[in-house]
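See below for my_file-v2.txt, which holds compact mmCIF, C-alpha atoms.
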```
# COMPACT_ATOMS: atom_id res chain seq x y z
CA MET D 1 0.00 0.00 0.00
CA ALA D 2 1.31 3.44 -0.93
CA ASP D 3 2.22 6.03 1.70
CA PHE D 4 -0.21 8.53 0.17
CA ASP D 5 -2.93 8.51 -2.43
CA ALA D 6 -1.30 11.53 -4.09
CA ILE D 7 1.87 13.58 -3.84
CA VAL D 8 1.77 17.14 -5.18
CA VAL D 9 5.15 18.71 -5.93
CA GLY D 10 5.11 22.50 -5.66
CA ALA D 11 2.95 24.77 -3.48
CA GLY D 12 2.21 27.47 -6.03
CA CYS D 13 -1.18 28.27 -7.51
CA ALA D 14 -1.58 24.97 -9.36
CA GLY D 15 -0.13 22.72 -6.66
CA SER D 16 -2.01 24.09 -3.66
CA VAL D 17 -5.34 24.12 -5.51
CA ALA D 18 -4.78 20.55 -6.74
CA ALA D 19 -3.91 19.43 -3.20
CA TYR D 20 -7.01 21.20 -1.89
CA GLU D 21 -9.30 19.44 -4.37
CA LEU D 22 -7.76 16.04 -3.63
CA ALA D 23 -7.99 16.51 0.13
CA LYS D 24 -11.55 17.78 -0.19
CA ALA D 25 -12.35 14.54 -2.04
CA GLY D 26 -11.08 12.57 0.96
CA LYS D 27 -7.71 11.54 -0.47
CA SER D 28 -4.51 11.40 1.54
CA VAL D 29 -2.27 14.08 0.06
CA LEU D 30 1.33 15.15 0.60
CA LEU D 31 2.19 18.65 -0.64
CA VAL D 32 5.97 19.07 -1.04
CA GLU D 33 7.53 22.52 -1.51
CA ARG D 34 11.27 23.14 -1.89
CA GLY D 35 10.99 26.69 -0.58
CA ASN D 36 10.99 27.32 3.14
CA TYR D 37 7.36 28.39 2.77
CA ALA D 38 4.81 28.53 -0.02
CA GLY D 39 5.67 31.42 -2.35
CA ALA D 40 9.29 31.66 -1.21
CA LYS D 41 10.54 30.95 -4.75
CA ASN D 42 7.88 32.90 -6.62
CA MET D 43 8.15 36.40 -8.10
CA THR D 44 5.49 36.27 -10.86
CA GLY D 45 4.20 39.72 -11.82
CA GLY D 46 1.58 40.23 -9.16
CA ARG D 47 -1.91 40.14 -10.72
CA ILE D 48 -4.61 37.54 -10.48
CA TYR D 49 -7.85 37.44 -12.46
CA SER D 50 -10.61 36.39 -10.09
CA HIS D 51 -12.71 34.14 -12.32
CA SER D 52 -10.76 30.89 -11.82
CA LEU D 53 -10.11 31.45 -8.11
CA LYS D 54 -13.79 32.15 -7.48
CA LYS D 55 -14.66 28.68 -8.83
CA VAL D 56 -12.49 27.13 -6.12
CA PHE D 57 -13.15 29.59 -3.28
CA PRO D 58 -16.38 31.51 -4.01
CA TYR D 59 -15.81 34.06 -1.24
CA PHE D 60 -12.03 34.38 -1.48
CA GLU D 61 -12.23 38.19 -1.27
CA GLU D 62 -13.24 37.89 2.38
CA GLU D 63 -10.03 36.15 3.48
CA ALA D 64 -7.36 36.04 0.76
CA PRO D 65 -4.42 38.47 1.21
CA LEU D 66 -5.26 40.68 -1.76
CA GLU D 67 -3.56 44.01 -2.34
CA ARG D 68 -5.66 46.26 -4.61
CA ARG D 69 -8.46 45.77 -7.09
CA ILE D 70 -7.15 46.72 -10.55
CA VAL D 71 -9.32 49.51 -11.94
CA ARG D 72 -6.91 51.13 -14.41
CA GLU D 73 -5.10 49.56 -17.36
CA ARG D 74 -2.16 51.36 -18.92
CA ILE D 75 -0.06 50.37 -21.94
CA SER D 76 2.95 52.47 -22.90
CA LEU D 77 5.29 52.70 -25.85
CA LEU D 78 8.51 54.11 -24.41
CA ALA D 79 11.03 56.03 -26.44
CA PRO D 80 14.20 57.11 -24.62
CA ASP D 81 12.83 60.64 -24.39
CA ALA D 82 9.05 60.16 -24.57
CA ASN D 83 6.12 58.06 -23.46
CA THR D 84 2.91 57.33 -25.36
CA THR D 85 0.31 55.74 -23.09
CA VAL D 86 -3.18 54.31 -23.46
CA ASP D 87 -4.99 54.73 -20.12
CA PHE D 88 -8.20 52.72 -19.80
CA THR D 89 -10.88 52.41 -17.11
CA SER D 90 -14.26 50.73 -17.32
CA ASP D 91 -17.18 49.78 -15.08
CA GLU D 92 -16.78 46.26 -16.51
CA MET D 93 -13.68 45.85 -14.31
CA PHE D 94 -15.87 45.88 -11.20
CA LYS D 95 -18.23 43.09 -12.24
CA GLU D 96 -17.94 39.78 -10.41
CA GLY D 97 -15.81 37.32 -12.33
CA GLN D 98 -14.33 40.09 -14.45
CA ASP D 99 -12.36 41.77 -11.70
CA SER D 100 -8.68 41.30 -10.92
CA TYR D 101 -6.37 42.02 -8.02
CA SER D 102 -2.72 42.70 -7.37
CA VAL D 103 -1.14 40.19 -5.00
CA LEU D 104 2.21 39.59 -3.36
CA ARG D 105 2.91 35.96 -4.05
CA GLY D 106 4.52 35.19 -0.70
CA PRO D 107 1.42 35.90 1.41
CA PHE D 108 -0.98 34.78 -1.32
CA ASP D 109 0.70 31.39 -1.87
CA GLN D 110 0.86 30.82 1.88
CA TRP D 111 -2.88 31.42 2.08
CA LEU D 112 -3.55 28.99 -0.78
CA ALA D 113 -1.39 26.30 0.84
CA SER D 114 -3.18 26.85 4.16
CA LYS D 115 -6.51 26.13 2.44
CA ALA D 116 -5.10 22.80 1.22
CA GLU D 117 -3.91 21.99 4.74
CA GLU D 118 -7.28 22.95 6.24
CA ALA D 119 -8.90 20.51 3.81
CA GLY D 120 -6.62 17.73 5.10
CA ALA D 121 -3.47 17.84 2.98
CA GLU D 122 -0.14 17.33 4.74
CA ALA D 123 2.44 19.93 3.69
CA VAL D 124 6.21 19.84 4.08
CA TYR D 125 8.48 22.77 3.23
CA GLY D 126 12.17 23.26 2.60
CA ILE D 127 12.51 19.88 0.86
CA ALA D 128 13.38 19.46 -2.82
CA VAL D 129 12.13 16.42 -4.69
CA GLU D 130 15.25 14.95 -6.26
CA SER D 131 13.72 12.36 -8.57
CA LEU D 132 10.66 10.28 -9.28
CA MET D 133 10.20 6.66 -8.29
CA LYS D 134 9.01 4.21 -10.94
CA ASP D 135 7.91 0.61 -10.74
CA ASP D 136 9.07 -2.21 -13.02
CA SER D 137 6.59 -1.16 -15.71
CA GLY D 138 7.87 2.42 -15.74
CA LYS D 139 4.86 3.88 -13.95
CA VAL D 140 5.55 6.74 -11.54
CA CYS D 141 4.86 5.50 -8.02
CA GLY D 142 6.38 8.15 -5.73
CA VAL D 143 9.22 10.59 -5.15
CA ARG D 144 12.69 10.68 -3.65
CA ALA D 145 13.28 13.63 -1.36
CA ALA D 146 15.79 14.37 1.40
CA GLY D 147 17.08 10.80 1.24
CA ASP D 148 13.60 9.30 1.68
CA GLU D 149 11.42 7.37 -0.73
CA ILE D 150 7.74 8.28 -0.45
CA THR D 151 5.23 6.30 -2.46
CA ALA D 152 1.89 7.38 -3.93
CA ASP D 153 -0.66 6.15 -6.42
CA ILE D 154 -0.31 9.38 -8.38
CA VAL D 155 2.16 12.28 -8.49
CA LEU D 156 1.15 15.76 -9.63
CA LEU D 157 4.00 17.96 -10.87
CA CYS D 158 3.30 21.63 -10.22
CA ASP D 159 6.87 22.67 -9.47
CA GLY D 160 7.20 25.53 -11.92
CA VAL D 161 9.00 26.42 -15.10
CA ASN D 162 12.36 25.19 -13.78
CA SER D 163 11.02 21.72 -13.01
CA LEU D 164 13.74 19.11 -12.73
CA LEU D 165 11.19 16.32 -12.97
CA THR D 166 9.24 16.84 -16.19
CA GLU D 167 11.87 15.16 -18.37
CA GLU D 168 11.84 12.15 -16.07
CA ALA D 169 8.03 12.13 -16.01
CA VAL D 170 7.07 12.71 -19.65
CA GLY D 171 10.36 13.03 -21.57
CA PHE D 172 10.16 16.82 -21.82
CA LYS D 173 13.46 18.40 -22.80
CA ARG D 174 14.41 21.76 -21.32
CA PRO D 175 13.04 24.52 -23.58
CA GLY D 176 15.27 26.60 -25.83
CA PRO D 177 16.21 30.22 -25.08
CA HIS D 178 13.89 31.58 -27.80
CA THR D 179 10.86 30.25 -25.90
CA MET D 180 11.99 31.45 -22.48
CA ALA D 181 12.32 34.87 -20.90
CA VAL D 182 14.03 36.09 -17.80
CA GLY D 183 11.97 38.17 -15.41
CA ILE D 184 13.46 40.55 -12.87
CA LYS D 185 11.36 42.43 -10.31
CA GLN D 186 11.67 44.81 -7.41
CA VAL D 187 9.08 45.55 -4.75
CA ILE D 188 9.34 49.22 -3.84
CA LYS D 189 7.73 50.37 -0.60
CA LEU D 190 5.73 53.61 -0.64
CA PRO D 191 2.90 55.04 1.47
CA ALA D 192 -0.51 53.81 0.33
CA SER D 193 -1.84 57.35 -0.15
CA VAL D 194 1.13 58.26 -2.37
CA ILE D 195 0.49 55.27 -4.63
CA THR D 196 -3.21 56.12 -4.83
CA ASP D 197 -2.43 59.71 -5.83
CA HIS D 198 0.19 58.65 -8.39
CA VAL D 199 -2.11 56.27 -10.27
CA LEU D 200 -5.24 58.43 -9.88
CA THR D 201 -7.55 55.97 -8.18
CA ALA D 202 -10.44 56.73 -5.83
CA SER D 203 -9.15 54.91 -2.76
CA ASP D 204 -6.28 52.88 -1.31
CA ASP D 205 -8.23 49.73 -2.23
CA GLU D 206 -7.92 50.45 -5.95
CA GLY D 207 -4.87 50.25 -8.18
CA ALA D 208 -3.43 49.99 -11.67
CA ALA D 209 -1.66 47.55 -13.95
CA TRP D 210 0.84 49.09 -16.37
CA LEU D 211 2.73 47.36 -19.20
CA PHE D 212 5.58 48.94 -21.18
CA ALA D 213 7.30 48.17 -24.50
CA GLY D 214 10.26 49.79 -26.18
CA ASP D 215 12.94 51.57 -24.19
CA ALA D 216 12.01 49.61 -21.05
CA THR D 217 14.18 46.79 -22.43
CA HIS D 218 16.39 49.04 -24.59
CA GLY D 219 14.43 47.96 -27.67
CA HIS D 220 14.83 44.23 -27.07
CA ILE D 221 11.99 41.68 -27.17
CA GLY D 222 10.10 41.95 -23.92
CA GLY D 223 8.76 44.73 -21.77
CA GLY D 224 8.22 46.29 -18.40
CA PHE D 225 5.42 45.88 -15.88
CA MET D 226 4.08 47.71 -12.86
CA TYR D 227 1.44 46.58 -10.38
CA THR D 228 0.28 48.64 -7.43
CA ASN D 229 0.11 46.88 -4.08
CA ARG D 230 -1.41 48.47 -0.99
CA ASP D 231 1.81 50.07 0.26
CA SER D 232 4.32 49.02 -2.38
CA ILE D 233 4.79 48.81 -6.14
CA SER D 234 5.90 45.72 -8.04
CA LEU D 235 8.10 46.93 -10.88
CA GLY D 236 10.09 44.81 -13.28
CA LEU D 237 11.12 43.63 -16.72
CA VAL D 238 10.72 40.48 -18.79
CA ALA D 239 13.01 39.89 -21.78
CA THR D 240 13.46 36.97 -24.16
CA ILE D 241 16.67 35.10 -23.35
CA SER D 242 17.76 34.39 -26.93
CA ASP D 243 17.56 38.07 -27.86
CA LEU D 244 19.50 39.11 -24.76
CA MET D 245 22.19 36.52 -25.47
CA ALA D 246 22.58 37.46 -29.12
CA ASN D 247 22.01 41.19 -29.22
CA ALA D 248 22.00 42.91 -25.84
CA SER D 249 25.00 44.96 -24.76
CA THR D 250 23.35 45.89 -21.46
CA PRO D 251 22.57 43.27 -18.81
CA ILE D 252 18.96 43.07 -17.68
CA TYR D 253 19.70 44.28 -14.15
CA GLN D 254 21.09 47.51 -15.63
CA MET D 255 18.06 47.76 -17.93
CA LEU D 256 15.90 47.71 -14.80
CA GLU D 257 17.88 50.54 -13.22
CA ASP D 258 17.60 52.54 -16.45
CA PHE D 259 13.87 51.79 -16.60
CA LYS D 260 13.43 53.12 -13.07
CA ARG D 261 15.08 56.39 -14.16
CA HIS D 262 12.88 56.86 -17.23
CA PRO D 263 10.80 60.06 -16.97
CA ALA D 264 7.59 58.01 -17.20
CA VAL D 265 8.55 55.78 -14.27
CA ALA D 266 10.79 57.81 -11.95
CA PRO D 267 7.99 60.02 -10.54
CA LEU D 268 5.93 56.95 -9.70
CA ILE D 269 8.56 55.47 -7.40
CA ARG D 270 10.24 58.64 -6.12
CA GLY D 271 11.03 58.30 -2.43
CA GLY D 272 10.39 54.56 -2.42
CA GLU D 273 12.52 51.91 -0.74
CA VAL D 274 13.41 48.64 -2.49
CA VAL D 275 12.40 45.88 -0.06
CA GLU D 276 12.60 42.88 -2.40
CA HIS D 277 14.60 41.97 -5.50
CA SER D 278 14.03 38.71 -7.34
CA GLY D 279 14.41 36.94 -10.67
CA HIS D 280 12.57 34.14 -12.39
CA MET D 281 12.36 32.24 -15.67
CA VAL D 282 9.16 32.82 -17.65
CA PRO D 283 7.78 30.48 -20.37
CA GLU D 284 6.79 32.47 -23.45
CA GLY D 285 6.44 29.88 -26.18
CA GLY D 286 2.77 29.20 -25.48
CA LEU D 287 1.11 26.09 -26.84
CA ASN D 288 4.04 25.12 -29.04
CA MET D 289 6.37 24.59 -26.08
CA MET D 290 3.96 22.67 -23.86
CA PRO D 291 4.95 19.14 -22.79
CA LYS D 292 2.84 16.04 -22.72
CA MET D 293 0.35 16.47 -19.87
CA VAL D 294 0.11 12.93 -18.48
CA SER D 295 1.93 9.64 -18.26
CA ASP D 296 1.44 6.55 -16.15
CA GLY D 297 1.00 7.70 -12.56
CA VAL D 298 1.79 11.37 -13.18
CA LEU D 299 0.28 14.58 -14.52
CA LEU D 300 1.49 18.18 -15.00
CA ALA D 301 -0.21 21.50 -14.27
CA GLY D 302 0.66 25.20 -14.15
CA GLU D 303 4.09 26.45 -15.20
CA SER D 304 5.45 22.89 -15.15
CA ALA D 305 3.20 22.48 -18.19
CA MET D 306 4.23 25.94 -19.52
CA MET D 307 0.71 27.35 -19.11
CA CYS D 308 1.51 31.00 -19.64
CA VAL D 309 0.92 33.61 -22.33
CA ASN D 310 2.19 37.17 -22.73
CA LEU D 311 0.16 39.20 -25.22
CA GLY D 312 1.92 42.49 -24.65
CA TYR D 313 -1.30 44.08 -23.39
CA GLN D 314 -2.18 41.22 -21.03
CA VAL D 315 -0.12 38.66 -19.11
CA ARG D 316 -1.84 35.43 -18.10
CA GLY D 317 -0.55 32.57 -15.99
CA MET D 318 -1.97 32.52 -12.48
CA ASP D 319 -5.57 32.06 -13.59
CA TYR D 320 -4.45 29.23 -15.91
CA ALA D 321 -2.53 27.59 -13.06
CA ILE D 322 -5.47 27.78 -10.65
CA ALA D 323 -7.92 26.38 -13.22
CA ALA D 324 -5.52 23.61 -14.25
CA GLY D 325 -4.82 22.80 -10.59
CA GLN D 326 -8.52 22.46 -9.89
CA ILE D 327 -9.04 20.23 -12.91
CA ALA D 328 -5.96 18.18 -12.00
CA GLY D 329 -7.14 17.61 -8.44
CA ILE D 330 -10.64 16.63 -9.50
CA GLU D 331 -9.52 14.29 -12.27
CA ALA D 332 -6.77 12.71 -10.14
CA ALA D 333 -9.36 11.98 -7.43
CA ARG D 334 -11.62 10.36 -10.02
CA ALA D 335 -8.77 8.18 -11.27
CA LEU D 336 -7.98 7.15 -7.69
CA ASP D 337 -11.62 6.26 -7.11
CA LYS D 338 -11.45 3.95 -10.13
CA GLY D 339 -8.18 2.43 -8.91
CA ASP D 340 -6.48 3.25 -12.20
CA THR D 341 -3.90 6.03 -12.59
CA SER D 342 -2.48 4.88 -15.90
CA GLU D 343 -1.94 7.33 -18.73
CA ALA D 344 -5.16 6.14 -20.38
CA ALA D 345 -7.13 6.63 -17.18
CA LEU D 346 -5.72 10.13 -16.74
CA SER D 347 -6.92 11.16 -20.21
CA GLY D 348 -9.91 12.68 -18.42
CA TYR D 349 -7.57 15.43 -17.21
CA VAL D 350 -6.39 16.15 -20.76
CA ASN D 351 -9.97 16.17 -22.06
CA ALA D 352 -11.17 18.46 -19.28
CA LEU D 353 -8.29 20.84 -19.94
CA GLU D 354 -9.15 20.91 -23.64
CA ASP D 355 -12.74 21.81 -22.77
CA SER D 356 -11.62 24.60 -20.45
CA PHE D 357 -10.62 28.18 -21.24
CA VAL D 358 -7.01 27.24 -20.49
CA MET D 359 -6.31 25.20 -23.60
CA LYS D 360 -8.78 27.15 -25.71
CA ASP D 361 -6.89 30.34 -24.93
CA LEU D 362 -3.48 28.76 -25.50
CA ARG D 363 -4.64 27.43 -28.86
CA GLN D 364 -6.16 30.78 -29.79
CA PHE D 365 -2.86 32.55 -29.11
CA SER D 366 -0.53 29.81 -30.35
CA ARG D 367 0.86 32.02 -33.15
CA PHE D 368 1.41 35.11 -31.01
CA PRO D 369 4.82 34.22 -29.50
CA HIS D 370 6.29 33.90 -33.01
CA PHE D 371 4.66 37.18 -34.03
CA MET D 372 6.21 39.02 -31.07
CA GLU D 373 9.61 37.44 -31.64
CA SER D 374 9.66 38.30 -35.35
CA THR D 375 8.14 41.79 -35.13
CA THR D 376 10.92 43.76 -33.50
CA ARG D 377 9.49 47.05 -34.79
CA ILE D 378 7.14 46.90 -31.78
CA PHE D 379 10.14 47.48 -29.53
CA ASN D 380 12.07 49.93 -31.72
CA GLU D 381 10.43 51.83 -34.58
CA TYR D 382 6.88 52.08 -33.23
CA PRO D 383 7.71 53.80 -29.92
CA LEU D 384 9.71 56.38 -31.90
CA LEU D 385 6.91 56.75 -34.47
CA ALA D 386 4.36 57.30 -31.69
CA ARG D 387 6.64 59.93 -30.14
CA ASP D 388 7.08 61.79 -33.41
CA VAL D 389 3.37 61.78 -34.23
CA MET D 390 2.49 63.01 -30.73
CA ASN D 391 5.13 65.74 -30.98
CA ARG D 392 3.55 66.86 -34.24
CA MET D 393 0.12 66.97 -32.62
CA PHE D 394 0.97 68.70 -29.36
CA ILE D 395 4.12 70.81 -29.81
CA CYS D 396 3.49 74.42 -30.85
CA ASP D 397 6.41 76.78 -31.53
CA GLY D 398 4.80 79.59 -33.52
CA SER D 399 5.81 78.22 -36.92
CA PRO D 400 3.09 77.86 -39.57
CA VAL D 401 1.38 74.48 -39.14
CA PRO D 402 1.53 72.29 -42.27
CA PRO D 403 -1.30 69.91 -43.14
CA MET D 404 -1.25 66.90 -40.82
CA ARG D 405 -0.89 64.43 -43.69
CA LYS D 406 2.18 66.22 -45.04
CA SER D 407 4.00 66.13 -41.72
CA ILE D 408 2.97 62.67 -40.58
CA MET D 409 3.32 60.75 -43.85
CA PRO D 410 7.15 61.07 -43.93
CA MET D 411 7.24 59.60 -40.42
CA ILE D 412 5.09 56.67 -41.51
CA LYS D 413 7.11 56.17 -44.68
CA ASN D 414 10.27 56.07 -42.62
CA VAL D 415 8.96 52.93 -40.92
CA GLY D 416 7.39 51.69 -44.14
CA ILE D 417 3.71 51.65 -45.05
CA LEU D 418 3.95 48.03 -46.12
CA ASN D 419 5.76 47.12 -42.90
CA ILE D 420 3.00 48.71 -40.82
CA ALA D 421 0.30 46.96 -42.83
CA LYS D 422 2.15 43.64 -42.56
CA ASP D 423 2.58 43.98 -38.80
CA ALA D 424 -1.04 45.00 -38.26
CA ARG D 425 -2.26 42.05 -40.32
CA GLY D 426 0.12 39.67 -38.58
CA GLY D 427 -0.93 40.85 -35.13
CA LEU D 428 -4.62 40.48 -35.91
CA LYS D 429 -4.09 36.98 -37.30
CA ALA D 430 -2.05 35.97 -34.24
CA LEU D 431 -4.78 37.21 -31.90
```

The structure in this file should be written as structure tokens.
Amino acid sequence: MADFDAIVVGAGCAGSVAAYELAKAGKSVLLVERGNYAGAKNMTGGRIYSHSLKKVFPYFEEEAPLERRIVRERISLLAPDANTTVDFTSDEMFKEGQDSYSVLRGPFDQWLASKAEEAGAEAVYGIAVESLMKDDSGKVCGVRAAGDEITADIVLLCDGVNSLLTEEAVGFKRPGPHTMAVGIKQVIKLPASVITDHVLTASDDEGAAWLFAGDATHGHIGGGFMYTNRDSISLGLVATISDLMANASTPIYQMLEDFKRHPAVAPLIRGGEVVEHSGHMVPEGGLNMMPKMVSDGVLLAGESAMMCVNLGYQVRGMDYAIAAGQIAGIEAARALDKGDTSEAALSGYVNALEDSFVMKDLRQFSRFPHFMESTTRIFNEYPLLARDVMNRMFICDGSPVPPMRKSIMPMIKNVGILNIAKDARGGLKAL
């Protein structure tokens, strides 16, 4: 008889939710986290869309450690000397299931793990799973950790993008640098009222999400992000590794310091104190880099399965991880009830994922990573074009004003009318 019905590796969004669902179904569950506490190794952006979490915990707002409700969306094209920003607010952001919140992943992940423990899961922290155990047929039957062998009827891998176990589980090779990005983030402490005033919200309970392209990464593939917490700001960069390796003369940590000094960003964080600095690998290849989801005795969810997409105007990952974790826990419990955790029996997890928004979204956006990687004008020419057009519109020096078309058309031709049309068509097709 196995030591546990299920072992869940990783206490992030996917792992803790999967452990919660399994424990709620009456299964004996071991949740193993290599960090000293849930969230210790996590630095992901800082925003969660509520719809998937509400399906697991309908009244999560009453107890989860949320920071601010996001009520403003900003997207900026940064030139070295200018900033062109779209600033959007809408009553739709307040509707249940359409709202989103900034979170600090340390407290938030600890809360999620505590819900799994309250449901009956046993959690251990500060222990890394070194390898998987397999029986004579090759079926996963447990884990090796801290010199111990712990058996289970099923193992759920939710240990993140840097998983050391997915190759052993499903033969997944480590992804190439063109499908991966490096993320770097600082948490900058500021008074709540100062943050509220800076982002023009009505109260200290409301905040903004802000994404940047262009000079944020010195014109390289990637961008900047800013999320307002209650009394701090999460500010950082994400940049594609292959582009940094081949073309960047400035290391990403220096890019972040330069980004903080940009005239669009510096006033926002003036007087703040850096209280956290972290880095993380980010999967950016979408559907085309995803591994096989199941094998005999094992399944993958969350960033272990590369469930993440960056659309430039929206970054998704946590809601995918929570939804996949819920599906994984439910389907693993069903397989355990049937006494069959073979790959064929776990196909219910794959089918349920395919029917969910997770895989439908990832399929919808499967061409977007290639579009972003191949359309470098987004990070170079277009921020400069936006600057020049805005200068033409708003700068007045007493000189006679020429017709708009005569002054703007040379700017457009400098980028190339066909290039702009090609990029617009490519972006629409990819979305």

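The spacing separating CA of Gln98 (chain D) from CA of Arg68 (chain D) amounts to 14.5 Å.
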
Counting only C-alpha atoms, which residues of region 205-225 of chain D fall within 9 Å of region 309-326 of chain D, and what is the closest atom pair for each with its distance in Å at one decimal, ordered by chain and rising number, as a Markdown table?
```
| residue | atom | partner | partner_atom | distance |
| --- | --- | --- | --- | --- |
| D:Trp210 | CA | D:Tyr313 | CA | 8.9 |
| D:Leu211 | CA | D:Tyr313 | CA | 6.7 |
| D:Phe212 | CA | D:Gly312 | CA | 8.2 |
| D:Ala213 | CA | D:Gly312 | CA | 7.8 |
| D:Gly222 | CA | D:Gly312 | CA | 8.2 |
| D:Gly223 | CA | D:Gly312 | CA | 7.8 |
```

Just give me the residues with any atom within 12 Å of (12.2, 44.7, -23.7), file coordinates, counting all atoms listed in the file, written as an mmCIF file with C-alpha atoms, in the coordinates of the input.
```
data_model
loop_
_atom_site.group_PDB
_atom_site.id
_atom_site.type_symbol
_atom_site.label_atom_id
_atom_site.label_comp_id
_atom_site.auth_asym_id
_atom_site.auth_seq_id
_atom_site.Cartn_x
_atom_site.Cartn_y
_atom_site.Cartn_z
ATOM 1 C CA LEU D 77 5.290 52.700 -25.850
ATOM 2 C CA LEU D 78 8.510 54.110 -24.410
ATOM 3 C CA ALA D 79 11.030 56.030 -26.440
ATOM 4 C CA ALA D 181 12.320 34.870 -20.900
ATOM 5 C CA VAL D 182 14.030 36.090 -17.800
ATOM 6 C CA GLY D 183 11.970 38.170 -15.410
ATOM 7 C CA ILE D 184 13.460 40.550 -12.870
ATOM 8 C CA LEU D 211 2.730 47.360 -19.200
ATOM 9 C CA PHE D 212 5.580 48.940 -21.180
ATOM 10 C CA ALA D 213 7.300 48.170 -24.500
ATOM 11 C CA GLY D 214 10.260 49.790 -26.180
ATOM 12 C CA ASP D 215 12.940 51.570 -24.190
ATOM 13 C CA ALA D 216 12.010 49.610 -21.050
ATOM 14 C CA THR D 217 14.180 46.790 -22.430
ATOM 15 C CA HIS D 218 16.390 49.040 -24.590
ATOM 16 C CA GLY D 219 14.430 47.960 -27.670
ATOM 17 C CA HIS D 220 14.830 44.230 -27.070
ATOM 18 C CA ILE D 221 11.990 41.680 -27.170
ATOM 19 C CA GLY D 222 10.100 41.950 -23.920
ATOM 20 C CA GLY D 223 8.760 44.730 -21.770
ATOM 21 C CA GLY D 224 8.220 46.290 -18.400
ATOM 22 C CA PHE D 225 5.420 45.880 -15.880
ATOM 23 C CA GLY D 236 10.090 44.810 -13.280
ATOM 24 C CA LEU D 237 11.120 43.630 -16.720
ATOM 25 C CA VAL D 238 10.720 40.480 -18.790
ATOM 26 C CA ALA D 239 13.010 39.890 -21.780
ATOM 27 C CA THR D 240 13.460 36.970 -24.160
ATOM 28 C CA ILE D 241 16.670 35.100 -23.350
ATOM 29 C CA ASP D 243 17.560 38.070 -27.860
ATOM 30 C CA LEU D 244 19.500 39.110 -24.760
ATOM 31 C CA ASN D 247 22.010 41.190 -29.220
ATOM 32 C CA ALA D 248 22.000 42.910 -25.840
ATOM 33 C CA THR D 250 23.350 45.890 -21.460
ATOM 34 C CA PRO D 251 22.570 43.270 -18.810
ATOM 35 C CA ILE D 252 18.960 43.070 -17.680
ATOM 36 C CA MET D 255 18.060 47.760 -17.930
ATOM 37 C CA LEU D 256 15.900 47.710 -14.800
ATOM 38 C CA ASP D 258 17.600 52.540 -16.450
ATOM 39 C CA PHE D 259 13.870 51.790 -16.600
ATOM 40 C CA GLY D 312 1.920 42.490 -24.650
ATOM 41 C CA MET D 372 6.210 39.020 -31.070
ATOM 42 C CA GLU D 373 9.610 37.440 -31.640
ATOM 43 C CA THR D 376 10.920 43.760 -33.500
ATOM 44 C CA ARG D 377 9.490 47.050 -34.790
ATOM 45 C CA ILE D 378 7.140 46.900 -31.780
ATOM 46 C CA PHE D 379 10.140 47.480 -29.530
ATOM 47 C CA ASN D 380 12.070 49.930 -31.720
ATOM 48 C CA PRO D 383 7.710 53.800 -29.920
#
```

Checklist entry - If you count all atoms listed in the file, which residues fall within 9 Å of region 264-278 of chain D, apart from same-chain ones fewer than 5 positions away, as an NGL selection string? => result :D and (41-43 or 78 or 82-83 or 183-191 or 194-195 or 198-199 or 232-233 or 259)

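The space separating CA of Ala352 (chain D) from CA of Ala18 (chain D) comes to 14.2 Å.
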
Return as AutoDock Vina command-line options the centre and edge lengths, in Å with one decimal, of the box along x, y and z that encloses every atom of region 19-35 of chain D in the file, padded by 5 Å per side.
```
--center_x -0.5 --center_y 19.0 --center_z -1.4 --size_x 33.6 --size_y 25.3 --size_z 15.9
```

Could you rebuild region 131-136 of chain D with N, CA, C and O atoms and give it back as a compact mmCIF listing (two decimals), in the frame of the given file?
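As written to disk, out_8.txt reads:
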```
# COMPACT_ATOMS: atom_id res chain seq x y z
N SER D 131 14.04 13.20 -7.42
CA SER D 131 13.72 12.36 -8.57
C SER D 131 12.40 11.66 -8.32
O SER D 131 11.85 11.69 -7.20
N LEU D 132 11.89 11.04 -9.37
CA LEU D 132 10.66 10.28 -9.28
C LEU D 132 10.97 8.79 -9.10
O LEU D 132 11.97 8.29 -9.60
N MET D 133 10.12 8.12 -8.40
CA MET D 133 10.20 6.66 -8.29
C MET D 133 9.32 6.04 -9.37
O MET D 133 8.23 6.53 -9.67
N LYS D 134 9.79 4.94 -9.94
CA LYS D 134 9.01 4.21 -10.94
C LYS D 134 9.05 2.73 -10.63
O LYS D 134 10.05 2.21 -10.13
N ASP D 135 7.93 2.05 -10.95
CA ASP D 135 7.91 0.61 -10.74
C ASP D 135 8.50 -0.10 -11.95
O ASP D 135 9.01 0.54 -12.88
N ASP D 136 8.43 -1.43 -11.96
CA ASP D 136 9.07 -2.21 -13.02
C ASP D 136 8.47 -1.92 -14.40
O ASP D 136 9.14 -2.10 -15.42
```
